[in-house]
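As provided, run-v7.pdb (PDB, C-alpha atoms) reads as follows.
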```pdb
ATOM      1  CA  MET A1446      16.365   3.147 130.689  1.00  0.00           C
ATOM      2  CA  ASN A1447      19.339   3.809 128.480  1.00  0.00           C
ATOM      3  CA  GLY A1448      22.752   5.146 129.492  1.00  0.00           C
ATOM      4  CA  LYS A1449      21.779   8.806 129.086  1.00  0.00           C
ATOM      5  CA  SER A1450      18.696   8.311 131.239  1.00  0.00           C
ATOM      6  CA  ILE A1451      20.683   6.581 133.961  1.00  0.00           C
ATOM      7  CA  TRP A1452      23.334   9.323 133.836  1.00  0.00           C
ATOM      8  CA  ALA A1453      20.645  12.021 134.182  1.00  0.00           C
ATOM      9  CA  VAL A1454      19.321  10.439 137.378  1.00  0.00           C
ATOM     10  CA  VAL A1455      22.794   9.668 138.776  1.00  0.00           C
ATOM     11  CA  ALA A1456      23.860  13.259 138.082  1.00  0.00           C
ATOM     12  CA  GLY A1457      20.846  14.514 140.048  1.00  0.00           C
ATOM     13  CA  VAL A1458      21.622  12.196 142.966  1.00  0.00           C
ATOM     14  CA  LEU A1459      25.290  13.228 143.001  1.00  0.00           C
ATOM     15  CA  PHE A1460      24.399  16.927 142.796  1.00  0.00           C
ATOM     16  CA  ILE A1461      22.012  16.657 145.750  1.00  0.00           C
ATOM     17  CA  ILE A1462      24.438  14.651 147.894  1.00  0.00           C
ATOM     18  CA  VAL A1463      27.521  16.790 147.159  1.00  0.00           C
ATOM     19  CA  ALA A1464      25.722  20.138 147.470  1.00  0.00           C
ATOM     20  CA  SER A1465      24.040  19.097 150.734  1.00  0.00           C
ATOM     21  CA  ILE A1466      27.323  17.925 152.247  1.00  0.00           C
ATOM     22  CA  LEU A1467      29.108  21.108 151.175  1.00  0.00           C
ATOM     23  CA  VAL A1468      26.438  23.336 152.743  1.00  0.00           C
ATOM     24  CA  ASP A1469      26.554  21.211 155.910  1.00  0.00           C
ATOM     25  CA  ILE A1470      30.339  21.618 156.110  1.00  0.00           C
ATOM     26  CA  VAL A1471      30.147  25.372 155.579  1.00  0.00           C
ATOM     27  CA  LEU A1472      27.520  25.698 158.331  1.00  0.00           C
ATOM     28  CA  HIS A1473      29.624  23.588 160.713  1.00  0.00           C
ATOM     29  CA  VAL A1474      32.767  25.632 159.987  1.00  0.00           C
ATOM     30  CA  ALA A1475      30.819  28.902 160.344  1.00  0.00           C
ATOM     31  CA  GLY A1476      29.576  27.795 163.760  1.00  0.00           C
ATOM     32  CA  VAL A1477      25.917  27.749 162.744  1.00  0.00           C
ATOM     33  CA  TYR A1478      25.791  24.008 163.398  1.00  0.00           C
ATOM     34  CA  PRO A1479      27.304  22.390 166.478  1.00  0.00           C
ATOM     35  CA  PRO A1480      30.483  20.319 166.056  1.00  0.00           C
ATOM     36  CA  MET A1481      30.160  17.139 163.989  1.00  0.00           C
ATOM     37  CA  GLY A1482      28.493  14.307 165.860  1.00  0.00           C
ATOM     38  CA  GLN A1483      26.471  16.563 168.169  1.00  0.00           C
ATOM     39  CA  PRO A1484      22.699  16.661 167.668  1.00  0.00           C
ATOM     40  CA  ILE A1485      20.852  19.604 166.170  1.00  0.00           C
ATOM     41  CA  GLY A1486      17.557  20.994 167.433  1.00  0.00           C
ATOM     42  CA  ASP A1487      14.326  21.751 165.628  1.00  0.00           C
ATOM     43  CA  ALA A1488      15.390  25.198 164.367  1.00  0.00           C
ATOM     44  CA  LEU A1489      18.582  23.909 162.748  1.00  0.00           C
ATOM     45  CA  ALA A1490      16.739  20.874 161.383  1.00  0.00           C
ATOM     46  CA  LEU A1491      14.258  23.274 159.773  1.00  0.00           C
ATOM     47  CA  LEU A1492      17.177  25.205 158.266  1.00  0.00           C
ATOM     48  CA  ALA A1493      18.643  21.961 156.900  1.00  0.00           C
ATOM     49  CA  THR A1494      15.257  20.903 155.521  1.00  0.00           C
ATOM     50  CA  SER A1495      14.905  24.270 153.778  1.00  0.00           C
ATOM     51  CA  TYR A1496      18.200  24.213 151.942  1.00  0.00           C
ATOM     52  CA  ARG A1497      17.898  20.542 151.148  1.00  0.00           C
ATOM     53  CA  PHE A1498      14.511  21.273 149.573  1.00  0.00           C
ATOM     54  CA  LEU A1499      16.093  23.960 147.395  1.00  0.00           C
ATOM     55  CA  ILE A1500      19.002  21.692 146.512  1.00  0.00           C
ATOM     56  CA  GLY A1501      16.490  18.949 145.647  1.00  0.00           C
ATOM     57  CA  ILE A1502      14.734  21.336 143.268  1.00  0.00           C
ATOM     58  CA  GLY A1503      18.109  21.946 141.638  1.00  0.00           C
ATOM     59  CA  GLY A1504      18.696  18.201 141.377  1.00  0.00           C
ATOM     60  CA  GLY A1505      15.299  17.699 139.774  1.00  0.00           C
ATOM     61  CA  TRP A1506      16.017  20.499 137.304  1.00  0.00           C
ATOM     62  CA  LEU A1507      19.447  19.052 136.472  1.00  0.00           C
ATOM     63  CA  THR A1508      18.030  15.573 135.931  1.00  0.00           C
ATOM     64  CA  ALA A1509      15.267  16.942 133.683  1.00  0.00           C
ATOM     65  CA  ARG A1510      17.829  19.022 131.778  1.00  0.00           C
ATOM     66  CA  LEU A1511      20.109  16.042 131.165  1.00  0.00           C
ATOM     67  CA  ALA A1512      17.296  13.608 130.313  1.00  0.00           C
ATOM     68  CA  PRO A1513      17.348  12.505 126.665  1.00  0.00           C
ATOM     69  CA  ASP A1514      13.528  12.636 126.605  1.00  0.00           C
ATOM     70  CA  LYS A1515      10.616  12.786 129.048  1.00  0.00           C
ATOM     71  CA  PRO A1516      12.290  15.195 131.483  1.00  0.00           C
ATOM     72  CA  MET A1517       9.513  15.068 134.086  1.00  0.00           C
ATOM     73  CA  LYS A1518       9.590  11.275 134.165  1.00  0.00           C
ATOM     74  CA  HIS A1519      13.317  11.410 134.887  1.00  0.00           C
ATOM     75  CA  ALA A1520      12.829  14.046 137.608  1.00  0.00           C
ATOM     76  CA  LEU A1521      10.197  11.854 139.258  1.00  0.00           C
ATOM     77  CA  ILE A1522      12.479   8.825 139.077  1.00  0.00           C
ATOM     78  CA  LEU A1523      15.048  10.955 140.911  1.00  0.00           C
ATOM     79  CA  GLY A1524      12.355  11.641 143.519  1.00  0.00           C
ATOM     80  CA  ALA A1525      11.718   7.915 143.865  1.00  0.00           C
ATOM     81  CA  VAL A1526      15.444   7.333 144.380  1.00  0.00           C
ATOM     82  CA  GLY A1527      15.289  10.075 147.022  1.00  0.00           C
ATOM     83  CA  ILE A1528      12.487   8.245 148.805  1.00  0.00           C
ATOM     84  CA  VAL A1529      14.509   5.016 148.884  1.00  0.00           C
ATOM     85  CA  LEU A1530      17.666   6.765 150.105  1.00  0.00           C
ATOM     86  CA  GLY A1531      15.646   8.810 152.587  1.00  0.00           C
ATOM     87  CA  LEU A1532      13.966   5.712 154.018  1.00  0.00           C
ATOM     88  CA  LEU A1533      17.393   4.136 154.356  1.00  0.00           C
ATOM     89  CA  GLY A1534      18.460   7.246 156.286  1.00  0.00           C
ATOM     90  CA  VAL A1535      15.411   7.004 158.551  1.00  0.00           C
ATOM     91  CA  VAL A1536      16.157   3.365 159.356  1.00  0.00           C
ATOM     92  CA  LEU A1537      19.893   3.891 159.916  1.00  0.00           C
ATOM     93  CA  THR A1538      19.515   6.978 162.119  1.00  0.00           C
ATOM     94  CA  TRP A1539      16.303   6.174 164.019  1.00  0.00           C
ATOM     95  CA  ASN A1540      18.015   5.178 167.271  1.00  0.00           C
ATOM     96  CA  GLN A1541      20.849   7.692 167.029  1.00  0.00           C
ATOM     97  CA  ASN A1542      20.694  11.034 168.773  1.00  0.00           C
ATOM     98  CA  LEU A1543      21.400  13.228 165.727  1.00  0.00           C
ATOM     99  CA  GLY A1544      18.414  15.524 166.011  1.00  0.00           C
ATOM    100  CA  PRO A1545      14.640  15.433 165.694  1.00  0.00           C
ATOM    101  CA  ARG A1546      13.206  12.334 164.054  1.00  0.00           C
ATOM    102  CA  TRP A1547      10.799  14.428 161.996  1.00  0.00           C
ATOM    103  CA  TYR A1548      13.749  15.747 160.015  1.00  0.00           C
ATOM    104  CA  ALA A1549      14.637  12.416 158.381  1.00  0.00           C
ATOM    105  CA  ILE A1550      10.961  11.716 157.735  1.00  0.00           C
ATOM    106  CA  ALA A1551      10.515  15.153 156.137  1.00  0.00           C
ATOM    107  CA  LEU A1552      13.326  14.408 153.678  1.00  0.00           C
ATOM    108  CA  VAL A1553      11.424  11.303 152.542  1.00  0.00           C
ATOM    109  CA  ILE A1554       8.127  13.189 152.212  1.00  0.00           C
ATOM    110  CA  LEU A1555       9.693  16.078 150.279  1.00  0.00           C
ATOM    111  CA  ALA A1556      11.664  13.942 147.789  1.00  0.00           C
ATOM    112  CA  ILE A1557       8.943  13.766 145.125  1.00  0.00           C
ATOM    113  CA  PRO A1558       7.618  17.355 145.463  1.00  0.00           C
ATOM    114  CA  GLN A1559      11.078  18.925 145.230  1.00  0.00           C
ATOM    115  CA  CYS A1560      12.071  16.856 142.197  1.00  0.00           C
ATOM    116  CA  TRP A1561       8.705  17.468 140.536  1.00  0.00           C
ATOM    117  CA  LEU A1562       9.162  21.198 141.051  1.00  0.00           C
ATOM    118  CA  GLY A1563      12.667  21.063 139.566  1.00  0.00           C
ATOM    119  CA  GLY A1564      11.308  19.173 136.555  1.00  0.00           C
ATOM    120  CA  ARG A1565       8.439  21.631 136.225  1.00  0.00           C
ATOM    121  CA  ILE A1566      10.831  24.601 136.277  1.00  0.00           C
ATOM    122  CA  PHE A1567      12.868  22.957 133.528  1.00  0.00           C
ATOM    123  CA  GLU A1568       9.730  22.366 131.454  1.00  0.00           C
ATOM    124  CA  ALA A1569       8.544  25.942 131.902  1.00  0.00           C
ATOM    125  CA  ARG A1570      11.885  27.445 130.908  1.00  0.00           C
ATOM    126  CA  SER A1571      12.562  25.091 128.019  1.00  0.00           C
ATOM    127  CA  GLY A1572       9.083  25.150 126.532  1.00  0.00           C
ATOM    128  CA  GLN A1573       8.833  21.372 126.883  1.00  0.00           C
ATOM    129  CA  ARG A1574       5.706  20.009 128.489  1.00  0.00           C
ATOM    130  CA  GLU A1575       5.455  16.309 129.124  1.00  0.00           C
ATOM    131  CA  VAL A1576       2.212  14.423 129.474  1.00  0.00           C
ATOM    132  CA  LEU A1577       2.808  11.495 131.821  1.00  0.00           C
ATOM    133  CA  LYS A1578       1.002   8.275 130.991  1.00  0.00           C
TER     134      LYS A1578
END
```
Could you take the file, read its structure, and then write that structure out as structure tokens?
Amino acid sequence: MNGKSIWAVVAGVLFIIVASILVDIVLHVAGVYPPMGQPIGDALALLATSYRFLIGIGGGWLTARLAPDKPMKHALILGAVGIVLGLLGVVLTWNQNLGPRWYAIALVILAIPQCWLGGRIFEARSGQREVLK
């Protein structure tokens, strides 16, 4: 991977992290989420999973857009990074009472599909279609 490829993936990671944190903060301030440090239930975890999935699509699109070539490959690499970071999150939060355990696992499972979808949207809108080998 060259510098532009690395930047494309890093930009996707940063977008997903920053956007997710900003939405979390807004929902805490708006009173949708309980105060920081208090666990969330299944309904709020489903809400968080939903917007994180959409943000992940955006990250996959951004990574594909910034990729110097092979946009889908870059989007899928972003998904792989998401799996690694998600597994780290599962391990670090497993014994903490932050909410349902399925939530952290869902983020791992959805990492590739959301990034693939973002890459696919980029391909469809740009007219580029990559054949992965």
As lines of an AutoDock Vina configuration file, what would the box around range 1452-1463 of chain A look like: edges along x, y and z, 5 Å added on every side, centre and edge lengths in Å to one decimal?
```
center_x = 23.4
center_y = 13.1
center_z = 140.9
size_x = 18.2
size_y = 17.6
size_z = 24.1
```
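Pairwise distance (CA of Ala1512 in chain A, CA of Leu1555 in chain A) equals 21.5 Å.
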Can you turn the PyMOL selection byres ((chain A and resi 1474-1478) around 12) into a concrete residue list for this file, as a compact mmCIF listing (two decimals) with C-alpha atoms, in the frame of the given file?
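Below is the file that was written, part_23.txt:
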```
# COMPACT_ATOMS: atom_id res chain seq x y z
CA LEU A 1467 29.11 21.11 151.18
CA VAL A 1468 26.44 23.34 152.74
CA ASP A 1469 26.55 21.21 155.91
CA ILE A 1470 30.34 21.62 156.11
CA VAL A 1471 30.15 25.37 155.58
CA LEU A 1472 27.52 25.70 158.33
CA HIS A 1473 29.62 23.59 160.71
CA PRO A 1479 27.30 22.39 166.48
CA PRO A 1480 30.48 20.32 166.06
CA MET A 1481 30.16 17.14 163.99
CA GLY A 1482 28.49 14.31 165.86
CA GLN A 1483 26.47 16.56 168.17
CA PRO A 1484 22.70 16.66 167.67
CA ILE A 1485 20.85 19.60 166.17
CA GLY A 1486 17.56 20.99 167.43
CA ASP A 1487 14.33 21.75 165.63
CA ALA A 1488 15.39 25.20 164.37
CA LEU A 1489 18.58 23.91 162.75
CA ALA A 1490 16.74 20.87 161.38
CA LEU A 1492 17.18 25.20 158.27
CA ALA A 1493 18.64 21.96 156.90
CA LEU A 1543 21.40 13.23 165.73
CA GLY A 1544 18.41 15.52 166.01
```
Requested in this report: Starting from the displayed file, determine the output of the PyMOL selection byres ((chain A and resi 1534) around 12) and express the residue list as a list in words.
Outcome: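 So the PyMOL selection byres ((chain A and resi 1534) around 12) ends up selecting Gly1527, Ile1528, Val1529, Leu1530, Gly1531, Leu1532, Leu1533, Val1535, Val1536, Leu1537, Thr1538, Trp1539, Asn1540, Gln1541, Leu1543, Arg1546, Trp1547, Tyr1548, Ala1549, Ile1550, Ala1551, Leu1552 and Val1553 of chain A.
For the pair CA of Met1517 in chain A and CA of Tyr1496 in chain A, the separation is 21.9 Å.
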Report task. Go through the shown structure with the PyMOL selection byres ((chain A and resi 1457-1464) around 12) and write out the matching residues as number ranges by chain. Result -> A: 1450-1456, 1465-1471, 1493, 1496-1512, 1519-1531, 1552, 1556, 1559-1560, 1563-1564
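One finds CA of Lys1449 in chain A at 11.7 Å from CA of Pro1516 in chain A.
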